[in-house]
Amino acid sequence: MLFLHRLRETCREHASKTAVDFRRPASSERLSFGELHAGTTRTAAWLAGKGVCAGDRVAICLPKSVASIQLHLAACSVGAVSMPVNPDYSQAELNYLLRDSRAKLLVTTQGRSGGMGPVARFPDSETRVAEIDPHRFGRDLPPRGPDLASIPIAADQTALMLYTSGTTGRPKGACMSHASLTANMDMLCEAWKWSADDVLLHALPLFHVHGLLVALHGALFAGATSVVLSSFDAQQVVRGLAGGECTVFMAVPTMYRRILSLLGDDVMDLRHMRLLTSGSDRLPVEAFQRIERQMGMRVVERYGMTETGIMLSNPVDGERIAGQVGVPLPGVGMRIRDPETGAPAGQGEVGELQTQGPHVFTGYWRDPEKTERSFTDDGWFRTGDLGLCDKKGRYELKGRSTDLIISGGFNVYPSEVEHTLAAHPDVGQCAVVGLPDPDWGEAVTAFVVSKSPDPCESRLIGHCRRSLAGYKTPKRVVFLESLPRNAMGKVQKQLLRGPAGQGTGG
Ligand code: MLC
């Protein structure tokens, strides 16, 4: 049964139970499963009123809110494509996504569309804009909506499109079908033993696989309550975890680092909790051990990506090993191949992780070449991550075959930042790498050969921030006389990442 149909059953079965307990600093809002269904239906009518039809992309660029949840579910329910967008994106980034996706509708906050009014054509795109107040949205909805059960949804129809960048070129829309979202949920429900008795503490953003699918969909699917925090705040999370009502918490390593730094030497009693998970970035072994010592639980580390959802996980009942990402979820095909030759890697040998199964996305939006390059000839998706598999079939990540930087759980593609820097008149040459950072894991760091006699770090950071989201903006700019290059003229980024580069940066 597709995830939407299952969710509808869950809403009926648990009609009066709290589905979402949304908490903002000054207020909170509770929604039962019955109200969630009614709200989704009325939001579906609102979308139809804006001209949204099956197959249309609906860009949802909103702060975390009940409205963002309802718009996502409603877009999927009417057969349209939900396209959540990071509200921190610059106007240029947003314009690109709208143009590329040919979104029918952008739902965003007042003022975000550059003062063009509530319904307007976005520059260079066919997108209509609806500006809403996300915290009042429910009150503005029509009283009734369509019978969602009567709207046909095909399993291979795209439900969700999330933009993700590549090592080259601009971000691409990864398309997830209703079937792949359903497969992801089925696998995780079985592996993590989600149940209606669970209460999830939700502190992740809702515009990525982790917060949206792994956390929110997981809880909704199971009929569990989600206590949704409007943003991550370590103090609020510690209070939420210690409060005794939550049983499940999911986070990226930066969040755990911030929780641990708040705890100092204190110890928490989390015996009421069932599951702590970590993902989107590697959790260092020391962090795993500190969590065990101070929070009394061994984190379940797992591995996934936008194009595939979660593929590997440490077991819920069984040994959770620090530094390992576990075993394939039920139904996930996983193998390791030499990234250059495609030859199978021997046991314990490092190679590229490749995956196959119903969890894999259907392709990149309007980009058959990139889609083709992402799969092997025999149909396995190439993750670009390097890893090995031990004798017991457990996987360990060993870096990447690409330049990707992971900062605080967000993927940053150096080429995008380099492109932005290169557009500044002061910049002669530049190279961007991730350097180890105690908070972010990796900090986006730019090495620049300046054309200006008066090089200025803050000027270049300000320039990047105007064009890029905060998480992509370099934390540091290091000026060099020249960039290290090999005989072919290619920048040797490993030297910038190594002690010499770090020494310069520090
Ligand atoms: C925010 N900033 C970041 C950043 N997040 N900079 C680098 N890396 C990040 N991850 C910027 C802000 O824009 C701001 O810049 C400045 O840093 C200070 O912000 P902050 O207040 O300290 O950060 P905060 O808003 O608290 O965000 C930190 C965070 C957030 C850890 C809560 O980054 C976060 O929610 N990360 C989770 C990412 C995630 O969900 N990933 C899932 C990907 S899915 P300025 O210029 O505005 O002052 C995936 C698949 C899978 O990977 O397997 O899960």
# chains A, B, ... in the order shown; residues from 1 in each chain; ligands from 1
call {"tool": "select_by_dssp", "arguments": {"residues": "range 94-338 of chain A", "states": "helix (DSSP H, G or I)", "output": "count of residues only"}}
result
75
call {"tool": "closest_atom_pairs", "arguments": {"of": "range 15-52 of chain A", "to": "range 226-229 of chain A", "cutoff": "12 Å", "atoms": "only C-alpha atoms", "output": "tab-separated table"}}
result
residue	atom	partner	partner_atom	distance
A:Lys17	CA	A:Ser226	CA	11.0
A:Thr18	CA	A:Ser226	CA	8.0
A:Ala19	CA	A:Ser226	CA	6.0
A:Val20	CA	A:Ser226	CA	4.9
A:Asp21	CA	A:Val227	CA	4.7
A:Phe22	CA	A:Val228	CA	4.7
A:Arg23	CA	A:Leu229	CA	5.0
A:Arg24	CA	A:Leu229	CA	6.4
A:Pro25	CA	A:Leu229	CA	8.7
A:Ala26	CA	A:Leu229	CA	11.6
A:Ser27	CA	A:Leu229	CA	10.9
A:Ser28	CA	A:Leu229	CA	9.4
A:Glu29	CA	A:Val228	CA	9.7
A:Arg30	CA	A:Val227	CA	9.2
A:Leu31	CA	A:Ser226	CA	10.0
A:Ser32	CA	A:Ser226	CA	10.5
A:Phe33	CA	A:Ser226	CA	10.9
call {"tool": "residues_near_ligand", "arguments": {"ligand": "ligand 1", "cutoff": "9 Å", "atoms": "only C-alpha atoms and all ligand atoms", "output": "number ranges by chain"}}
result
A: 88, 203-212, 214, 231-234, 251-256, 258, 278-281, 302-311, 406-412, 439-444, 461-462, 465, 469-475
call {"tool": "write_last_selection", "arguments": {"atoms": "C-alpha atoms", "output": "PDB file, in the first residue's frame"}}
result
ATOM      1  CA  ASP A  88      17.791  30.276   3.660  1.00  0.00           C
ATOM      2  CA  ALA A 203      14.580  19.086  15.519  1.00  0.00           C
ATOM      3  CA  LEU A 204      15.731  18.683  11.897  1.00  0.00           C
ATOM      4  CA  PRO A 205      14.848  20.859   8.918  1.00  0.00           C
ATOM      5  CA  LEU A 206      11.917  19.658   6.789  1.00  0.00           C
ATOM      6  CA  PHE A 207      13.458  20.333   3.383  1.00  0.00           C
ATOM      7  CA  HIS A 208      15.757  17.292   3.302  1.00  0.00           C
ATOM      8  CA  VAL A 209      15.441  13.518   3.313  1.00  0.00           C
ATOM      9  CA  HIS A 210      16.577  13.261   6.942  1.00  0.00           C
ATOM     10  CA  GLY A 211      14.011  15.538   8.598  1.00  0.00           C
ATOM     11  CA  LEU A 212      11.197  14.979   6.104  1.00  0.00           C
ATOM     12  CA  VAL A 214      13.379   9.527   7.797  1.00  0.00           C
ATOM     13  CA  SER A 231      14.347  25.077  14.848  1.00  0.00           C
ATOM     14  CA  PHE A 232      17.262  23.312  16.479  1.00  0.00           C
ATOM     15  CA  ASP A 233      18.215  24.743  19.834  1.00  0.00           C
ATOM     16  CA  ALA A 234      20.491  22.566  21.960  1.00  0.00           C
ATOM     17  CA  ALA A 251      20.072  14.267  14.543  1.00  0.00           C
ATOM     18  CA  VAL A 252      23.176  15.122  12.567  1.00  0.00           C
ATOM     19  CA  PRO A 253      26.565  14.941  14.324  1.00  0.00           C
ATOM     20  CA  THR A 254      26.805  18.755  14.697  1.00  0.00           C
ATOM     21  CA  MET A 255      23.605  18.647  16.770  1.00  0.00           C
ATOM     22  CA  TYR A 256      25.054  15.929  19.027  1.00  0.00           C
ATOM     23  CA  ARG A 258      26.227  20.995  20.470  1.00  0.00           C
ATOM     24  CA  SER A 278      22.692   9.876  13.751  1.00  0.00           C
ATOM     25  CA  GLY A 279      23.168  10.444  10.050  1.00  0.00           C
ATOM     26  CA  SER A 280      23.842  12.810   7.123  1.00  0.00           C
ATOM     27  CA  ASP A 281      27.497  12.939   8.180  1.00  0.00           C
ATOM     28  CA  ARG A 302      22.945   4.872   9.549  1.00  0.00           C
ATOM     29  CA  TYR A 303      23.796   5.835   5.991  1.00  0.00           C
ATOM     30  CA  GLY A 304      21.679   7.372   3.268  1.00  0.00           C
ATOM     31  CA  MET A 305      21.439  10.062   0.658  1.00  0.00           C
ATOM     32  CA  THR A 306      18.837  12.137  -1.158  1.00  0.00           C
ATOM     33  CA  GLU A 307      18.701   9.826  -4.172  1.00  0.00           C
ATOM     34  CA  THR A 308      18.171   6.667  -2.138  1.00  0.00           C
ATOM     35  CA  GLY A 309      16.817   7.461   1.309  1.00  0.00           C
ATOM     36  CA  ILE A 310      18.379   5.264   3.991  1.00  0.00           C
ATOM     37  CA  MET A 311      20.343   2.237   2.773  1.00  0.00           C
ATOM     38  CA  ILE A 406      29.646  17.970   4.479  1.00  0.00           C
ATOM     39  CA  SER A 407      29.133  20.886   6.841  1.00  0.00           C
ATOM     40  CA  GLY A 408      26.741  20.411   9.749  1.00  0.00           C
ATOM     41  CA  GLY A 409      24.977  17.658   7.780  1.00  0.00           C
ATOM     42  CA  PHE A 410      24.470  19.790   4.654  1.00  0.00           C
ATOM     43  CA  ASN A 411      26.213  18.857   1.396  1.00  0.00           C
ATOM     44  CA  VAL A 412      28.280  21.646  -0.133  1.00  0.00           C
ATOM     45  CA  ASP A 439      31.361  22.267  15.325  1.00  0.00           C
ATOM     46  CA  TRP A 440      30.550  21.752  11.639  1.00  0.00           C
ATOM     47  CA  GLY A 441      32.625  18.601  11.063  1.00  0.00           C
ATOM     48  CA  GLU A 442      34.022  20.271   7.978  1.00  0.00           C
ATOM     49  CA  ALA A 443      34.178  24.037   7.480  1.00  0.00           C
ATOM     50  CA  VAL A 444      33.885  25.424   3.959  1.00  0.00           C
ATOM     51  CA  ILE A 461      32.530  36.249   2.512  1.00  0.00           C
ATOM     52  CA  GLY A 462      29.906  39.015   2.187  1.00  0.00           C
ATOM     53  CA  ARG A 465      26.593  35.275   1.375  1.00  0.00           C
ATOM     54  CA  ALA A 469      22.832  30.099   1.559  1.00  0.00           C
ATOM     55  CA  GLY A 470      24.694  30.543   4.857  1.00  0.00           C
ATOM     56  CA  TYR A 471      25.796  26.913   5.010  1.00  0.00           C
ATOM     57  CA  LYS A 472      27.597  27.147   1.647  1.00  0.00           C
ATOM     58  CA  THR A 473      29.311  30.454   2.445  1.00  0.00           C
ATOM     59  CA  PRO A 474      33.003  30.013   3.342  1.00  0.00           C
ATOM     60  CA  LYS A 475      33.722  30.266   7.039  1.00  0.00           C
TER      61      LYS A 475
END
call {"tool": "atom_distance", "arguments": {"atom1": "CA of Leu388 in chain A", "atom2": "CA of Ile336 in chain A"}}
result
7.0 Å
call {"tool": "residues_around", "arguments": {"residues": "range 4-16 of chain A", "least_positions_apart": "6", "cutoff": "8 Å", "atoms": "only C-alpha atoms", "output": "PDB file with N, CA, C and O atoms, in the first residue's frame"}}
result
ATOM      1  N   SER A  32      -4.307  16.745  15.742  1.00  0.00           N
ATOM      2  CA  SER A  32      -4.525  15.301  15.847  1.00  0.00           C
ATOM      3  C   SER A  32      -4.380  14.698  14.450  1.00  0.00           C
ATOM      4  O   SER A  32      -4.367  15.423  13.443  1.00  0.00           O
ATOM      5  N   PHE A  33      -4.337  13.361  14.376  1.00  0.00           N
ATOM      6  CA  PHE A  33      -4.261  12.729  13.054  1.00  0.00           C
ATOM      7  C   PHE A  33      -5.505  13.075  12.229  1.00  0.00           C
ATOM      8  O   PHE A  33      -5.424  13.282  11.024  1.00  0.00           O
ATOM      9  N   GLY A  34      -6.657  13.156  12.905  1.00  0.00           N
ATOM     10  CA  GLY A  34      -7.889  13.519  12.199  1.00  0.00           C
ATOM     11  C   GLY A  34      -7.779  14.933  11.630  1.00  0.00           C
ATOM     12  O   GLY A  34      -8.140  15.190  10.477  1.00  0.00           O
ATOM     13  N   GLU A  35      -7.243  15.852  12.455  1.00  0.00           N
ATOM     14  CA  GLU A  35      -7.092  17.242  11.986  1.00  0.00           C
ATOM     15  C   GLU A  35      -6.032  17.338  10.890  1.00  0.00           C
ATOM     16  O   GLU A  35      -6.151  18.148   9.971  1.00  0.00           O
ATOM     17  N   LEU A  36      -5.017  16.504  10.994  1.00  0.00           N
ATOM     18  CA  LEU A  36      -3.976  16.501   9.951  1.00  0.00           C
ATOM     19  C   LEU A  36      -4.598  16.113   8.615  1.00  0.00           C
ATOM     20  O   LEU A  36      -4.351  16.741   7.581  1.00  0.00           O
ATOM     21  N   HIS A  37      -5.443  15.089   8.653  1.00  0.00           N
ATOM     22  CA  HIS A  37      -6.097  14.659   7.407  1.00  0.00           C
ATOM     23  C   HIS A  37      -7.026  15.758   6.878  1.00  0.00           C
ATOM     24  O   HIS A  37      -6.991  16.084   5.687  1.00  0.00           O
ATOM     25  N   CYS A  76       1.525  16.028  -2.498  1.00  0.00           N
ATOM     26  CA  CYS A  76       1.620  14.589  -2.850  1.00  0.00           C
ATOM     27  C   CYS A  76       0.224  14.012  -3.065  1.00  0.00           C
ATOM     28  O   CYS A  76       0.005  13.199  -3.969  1.00  0.00           O
ATOM     29  N   SER A  77      -0.732  14.425  -2.227  1.00  0.00           N
ATOM     30  CA  SER A  77      -2.069  13.822  -2.269  1.00  0.00           C
ATOM     31  C   SER A  77      -2.833  14.156  -3.539  1.00  0.00           C
ATOM     32  O   SER A  77      -3.691  13.391  -3.961  1.00  0.00           O
ATOM     33  N   ALA A 149      -9.266  10.258  -1.470  1.00  0.00           N
ATOM     34  CA  ALA A 149      -9.236   8.842  -1.844  1.00  0.00           C
ATOM     35  C   ALA A 149      -9.605   8.655  -3.312  1.00  0.00           C
ATOM     36  O   ALA A 149      -9.255   7.646  -3.927  1.00  0.00           O
ATOM     37  N   LEU A 220       4.755   9.607  11.179  1.00  0.00           N
ATOM     38  CA  LEU A 220       3.368   9.660  10.681  1.00  0.00           C
ATOM     39  C   LEU A 220       2.915   8.276  10.230  1.00  0.00           C
ATOM     40  O   LEU A 220       1.795   7.839  10.516  1.00  0.00           O
ATOM     41  N   PHE A 221       3.782   7.604   9.529  1.00  0.00           N
ATOM     42  CA  PHE A 221       3.516   6.266   9.004  1.00  0.00           C
ATOM     43  C   PHE A 221       3.082   5.317  10.120  1.00  0.00           C
ATOM     44  O   PHE A 221       2.184   4.507   9.969  1.00  0.00           O
ATOM     45  N   ALA A 222       3.788   5.446  11.265  1.00  0.00           N
ATOM     46  CA  ALA A 222       3.573   4.511  12.366  1.00  0.00           C
ATOM     47  C   ALA A 222       2.421   4.941  13.271  1.00  0.00           C
ATOM     48  O   ALA A 222       2.057   4.225  14.194  1.00  0.00           O
ATOM     49  N   GLY A 223       1.880   6.143  13.040  1.00  0.00           N
ATOM     50  CA  GLY A 223       0.847   6.652  13.958  1.00  0.00           C
ATOM     51  C   GLY A 223       1.455   7.154  15.249  1.00  0.00           C
ATOM     52  O   GLY A 223       0.788   7.231  16.290  1.00  0.00           O
TER      53      GLY A 223
END
call {"tool": "residues_around", "arguments": {"residues": "Ala174 in chain A", "least_positions_apart": "2", "cutoff": "9 Å", "atoms": "only C-alpha atoms", "output": "short mmCIF file (atom, residue, chain, number, x, y, z; two decimals) with C-alpha atoms, in the first residue's frame"}}
result
data_model
loop_
_atom_site.label_atom_id
_atom_site.label_comp_id
_atom_site.auth_asym_id
_atom_site.auth_seq_id
_atom_site.Cartn_x
_atom_site.Cartn_y
_atom_site.Cartn_z
CA LEU A 160 8.91 14.47 -4.17
CA MET A 161 11.71 16.40 -5.81
CA LEU A 162 14.71 17.49 -3.76
CA TYR A 163 17.55 19.47 -5.29
CA THR A 164 21.01 18.15 -4.82
CA LYS A 172 19.63 18.85 -10.02
CA MET A 176 11.40 10.16 -5.71
CA THR A 306 18.84 12.14 -1.16
CA GLU A 307 18.70 9.83 -4.17
CA PHE A 361 15.06 7.41 -6.93
CA THR A 362 13.79 7.42 -10.50
CA GLY A 363 16.29 9.95 -11.90
CA TYR A 364 17.25 13.61 -12.11
CA TRP A 365 14.61 16.01 -13.38
#
call {"tool": "select_by_dssp", "arguments": {"residues": "range 293-467 of chain A", "states": "strand (DSSP E or B)", "output": "PyMOL selection string"}}
result
chain A and resi 300-305+309-313+326-328+333-337+344+351-356+363-364+375+381-389+395-400+405-407+410-412+427-437+441-450
call {"tool": "residues_around", "arguments": {"residues": "Gly296 in chain A", "least_positions_apart": "5", "cutoff": "7 Å", "atoms": "only C-alpha atoms", "output": "list of chain:residue names"}}
result
A:Asp269, A:Leu270, A:Ile291
call {"tool": "write_last_selection", "arguments": {"atoms": "C-alpha atoms", "output": "mmCIF file, in the first residue's frame"}}
result
data_model
loop_
_atom_site.group_PDB
_atom_site.id
_atom_site.type_symbol
_atom_site.label_atom_id
_atom_site.label_comp_id
_atom_site.auth_asym_id
_atom_site.auth_seq_id
_atom_site.Cartn_x
_atom_site.Cartn_y
_atom_site.Cartn_z
ATOM 1 C CA ASP A 269 18.995 9.880 32.268
ATOM 2 C CA LEU A 270 17.342 8.804 29.025
ATOM 3 C CA ILE A 291 26.969 10.073 23.856
#
call {"tool": "closest_residue", "arguments": {"among": "A:Pro146, A:Arg136, A:Arg170, A:Leu2", "to": "Tyr96 in chain A", "atoms": "only C-alpha atoms"}}
result
A:Arg170
call {"tool": "residues_around", "arguments": {"residues": "Gln347 in chain A", "least_positions_apart": "2", "cutoff": "12 Å", "atoms": "only C-alpha atoms", "output": "VMD selection string"}}
result
chain A and resid 335 to 337 344 to 345 349 to 351 387 to 396
call {"tool": "write_last_selection", "arguments": {"atoms": "C-alpha atoms", "output": "PDB file, in the first residue's frame"}}
result
ATOM      1  CA  ARG A 335      27.843  -3.806  -3.234  1.00  0.00           C
ATOM      2  CA  ILE A 336      31.332  -2.352  -3.435  1.00  0.00           C
ATOM      3  CA  ARG A 337      33.101  -1.758  -6.728  1.00  0.00           C
ATOM      4  CA  PRO A 344      34.160  -6.101  -7.430  1.00  0.00           C
ATOM      5  CA  ALA A 345      36.128  -5.142  -4.320  1.00  0.00           C
ATOM      6  CA  GLU A 349      38.802  -3.673   0.387  1.00  0.00           C
ATOM      7  CA  VAL A 350      37.777  -0.058  -0.122  1.00  0.00           C
ATOM      8  CA  GLY A 351      35.660   0.790  -3.158  1.00  0.00           C
ATOM      9  CA  GLY A 387      33.578   2.204   1.950  1.00  0.00           C
ATOM     10  CA  LEU A 388      34.306  -1.390   2.848  1.00  0.00           C
ATOM     11  CA  CYS A 389      32.381  -4.369   4.101  1.00  0.00           C
ATOM     12  CA  ASP A 390      33.734  -6.588   6.890  1.00  0.00           C
ATOM     13  CA  LYS A 391      33.424 -10.360   7.354  1.00  0.00           C
ATOM     14  CA  LYS A 392      30.078  -9.966   9.111  1.00  0.00           C
ATOM     15  CA  GLY A 393      28.607  -7.913   6.249  1.00  0.00           C
ATOM     16  CA  ARG A 394      28.847  -4.620   8.146  1.00  0.00           C
ATOM     17  CA  TYR A 395      29.767  -1.486   6.255  1.00  0.00           C
ATOM     18  CA  GLU A 396      32.169   1.291   7.112  1.00  0.00           C
TER      19      GLU A 396
END
call {"tool": "atom_distance", "arguments": {"atom1": "CA of Ala215 in chain A", "atom2": "CA of His135 in chain A"}}
result
21.6 Å
call {"tool": "residues_around", "arguments": {"residues": "Ala179 in chain A", "least_positions_apart": "2", "cutoff": "10 Å", "atoms": "only C-alpha atoms", "output": "MDAnalysis selection string"}}
result
chainID A and resid 1:3 154:159 176:177 181:185 358:362
call {"tool": "write_last_selection", "arguments": {"atoms": "N, CA, C and O atoms", "output": "short mmCIF file (atom, residue, chain, number, x, y, z; two decimals), in the first residue's frame"}}
result
data_model
loop_
_atom_site.label_atom_id
_atom_site.label_comp_id
_atom_site.auth_asym_id
_atom_site.auth_seq_id
_atom_site.Cartn_x
_atom_site.Cartn_y
_atom_site.Cartn_z
N MET A 1 0.84 -1.20 0.00
CA MET A 1 0.00 0.00 0.00
C MET A 1 0.88 1.25 0.00
O MET A 1 1.84 1.32 0.77
N LEU A 2 0.59 2.22 -0.87
CA LEU A 2 1.44 3.42 -0.97
C LEU A 2 1.39 4.23 0.33
O LEU A 2 0.39 4.20 1.06
N PHE A 3 2.46 5.00 0.58
CA PHE A 3 2.58 5.66 1.87
C PHE A 3 1.41 6.61 2.14
O PHE A 3 0.92 6.73 3.25
N ALA A 154 -0.40 6.87 -9.08
CA ALA A 154 0.33 5.70 -9.57
C ALA A 154 1.62 5.54 -8.78
O ALA A 154 2.23 6.52 -8.37
N ALA A 155 2.02 4.28 -8.59
CA ALA A 155 3.21 4.01 -7.78
C ALA A 155 4.46 4.67 -8.36
O ALA A 155 5.33 5.14 -7.62
N ASP A 156 4.54 4.75 -9.70
CA ASP A 156 5.78 5.29 -10.29
C ASP A 156 5.70 6.80 -10.52
O ASP A 156 6.61 7.40 -11.08
N GLN A 157 4.65 7.41 -10.07
CA GLN A 157 4.48 8.85 -10.22
C GLN A 157 5.42 9.57 -9.24
O GLN A 157 5.59 9.12 -8.10
N THR A 158 6.00 10.71 -9.65
CA THR A 158 6.91 11.42 -8.75
C THR A 158 6.11 12.10 -7.64
O THR A 158 5.14 12.81 -7.90
N ALA A 159 6.55 11.87 -6.41
CA ALA A 159 5.89 12.48 -5.25
C ALA A 159 6.70 13.66 -4.72
O ALA A 159 6.16 14.64 -4.22
N MET A 176 11.76 11.36 -6.47
CA MET A 176 11.40 10.16 -5.71
C MET A 176 9.95 9.82 -6.03
O MET A 176 9.07 10.69 -5.89
N SER A 177 9.70 8.59 -6.40
CA SER A 177 8.33 8.19 -6.71
C SER A 177 7.57 7.83 -5.43
O SER A 177 8.19 7.63 -4.37
N LEU A 181 9.28 6.21 -1.95
CA LEU A 181 9.04 6.73 -0.59
C LEU A 181 8.42 5.64 0.28
O LEU A 181 8.76 5.49 1.46
N THR A 182 7.52 4.87 -0.32
CA THR A 182 6.86 3.81 0.44
C THR A 182 7.87 2.73 0.84
O THR A 182 7.89 2.27 2.00
N ALA A 183 8.73 2.36 -0.11
CA ALA A 183 9.74 1.33 0.18
C ALA A 183 10.65 1.80 1.32
O ALA A 183 10.97 1.04 2.24
N ASN A 184 11.05 3.08 1.25
CA ASN A 184 11.90 3.63 2.31
C ASN A 184 11.24 3.51 3.67
O ASN A 184 11.87 3.17 4.67
N MET A 185 9.95 3.82 3.71
CA MET A 185 9.23 3.77 4.98
C MET A 185 9.09 2.34 5.50
O MET A 185 9.30 2.07 6.67
N PRO A 358 14.10 -1.02 -4.46
CA PRO A 358 12.92 -0.16 -4.64
C PRO A 358 13.06 1.21 -3.96
O PRO A 358 12.22 2.09 -4.17
N HIS A 359 14.13 1.36 -3.14
CA HIS A 359 14.33 2.63 -2.44
C HIS A 359 14.98 3.69 -3.32
O HIS A 359 15.00 4.86 -2.99
N VAL A 360 15.53 3.28 -4.47
CA VAL A 360 16.33 4.19 -5.29
C VAL A 360 15.43 5.14 -6.09
O VAL A 360 14.37 4.74 -6.57
N PHE A 361 15.86 6.40 -6.21
CA PHE A 361 15.06 7.41 -6.93
C PHE A 361 14.91 7.03 -8.41
O PHE A 361 15.57 6.10 -8.89
N THR A 362 14.05 7.80 -9.11
CA THR A 362 13.79 7.42 -10.50
C THR A 362 14.71 8.17 -11.47
O THR A 362 14.82 7.79 -12.63
#
call {"tool": "decode", "arguments": {"residues": "range 177-183 of chain A", "atoms": "all heavy atoms", "output": "compact mmCIF listing (two decimals), in the first residue's frame"}}
result
# COMPACT_ATOMS: atom_id res chain seq x y z
N SER A 177 9.70 8.59 -6.40
CA SER A 177 8.33 8.19 -6.71
C SER A 177 7.57 7.83 -5.43
O SER A 177 8.19 7.63 -4.37
CB SER A 177 8.34 6.98 -7.65
OG SER A 177 8.88 5.88 -6.95
N HIS A 178 6.26 7.71 -5.56
CA HIS A 178 5.46 7.24 -4.41
C HIS A 178 5.95 5.87 -3.96
O HIS A 178 5.99 5.57 -2.77
CB HIS A 178 3.97 7.19 -4.79
CG HIS A 178 3.34 8.55 -4.83
ND1 HIS A 178 2.70 9.09 -3.76
CD2 HIS A 178 3.30 9.48 -5.82
CE1 HIS A 178 2.26 10.31 -4.09
NE2 HIS A 178 2.61 10.56 -5.32
N ALA A 179 6.33 5.04 -4.95
CA ALA A 179 6.79 3.69 -4.59
C ALA A 179 8.09 3.74 -3.81
O ALA A 179 8.27 3.01 -2.83
CB ALA A 179 6.97 2.85 -5.86
N SER A 180 9.04 4.62 -4.22
CA SER A 180 10.32 4.62 -3.50
C SER A 180 10.15 5.21 -2.10
O SER A 180 10.79 4.74 -1.15
CB SER A 180 11.44 5.30 -4.29
OG SER A 180 11.04 6.55 -4.75
N LEU A 181 9.28 6.21 -1.95
CA LEU A 181 9.04 6.73 -0.59
C LEU A 181 8.42 5.64 0.28
O LEU A 181 8.76 5.49 1.46
CB LEU A 181 8.08 7.93 -0.63
CG LEU A 181 8.58 9.19 -1.34
CD1 LEU A 181 7.62 10.35 -1.10
CD2 LEU A 181 9.97 9.58 -0.87
N THR A 182 7.52 4.87 -0.32
CA THR A 182 6.86 3.81 0.44
C THR A 182 7.87 2.73 0.84
O THR A 182 7.89 2.27 2.00
CB THR A 182 5.73 3.17 -0.41
OG1 THR A 182 4.87 4.22 -0.85
CG2 THR A 182 4.94 2.15 0.39
N ALA A 183 8.73 2.36 -0.11
CA ALA A 183 9.74 1.33 0.18
C ALA A 183 10.65 1.80 1.32
O ALA A 183 10.97 1.04 2.24
CB ALA A 183 10.56 1.04 -1.07
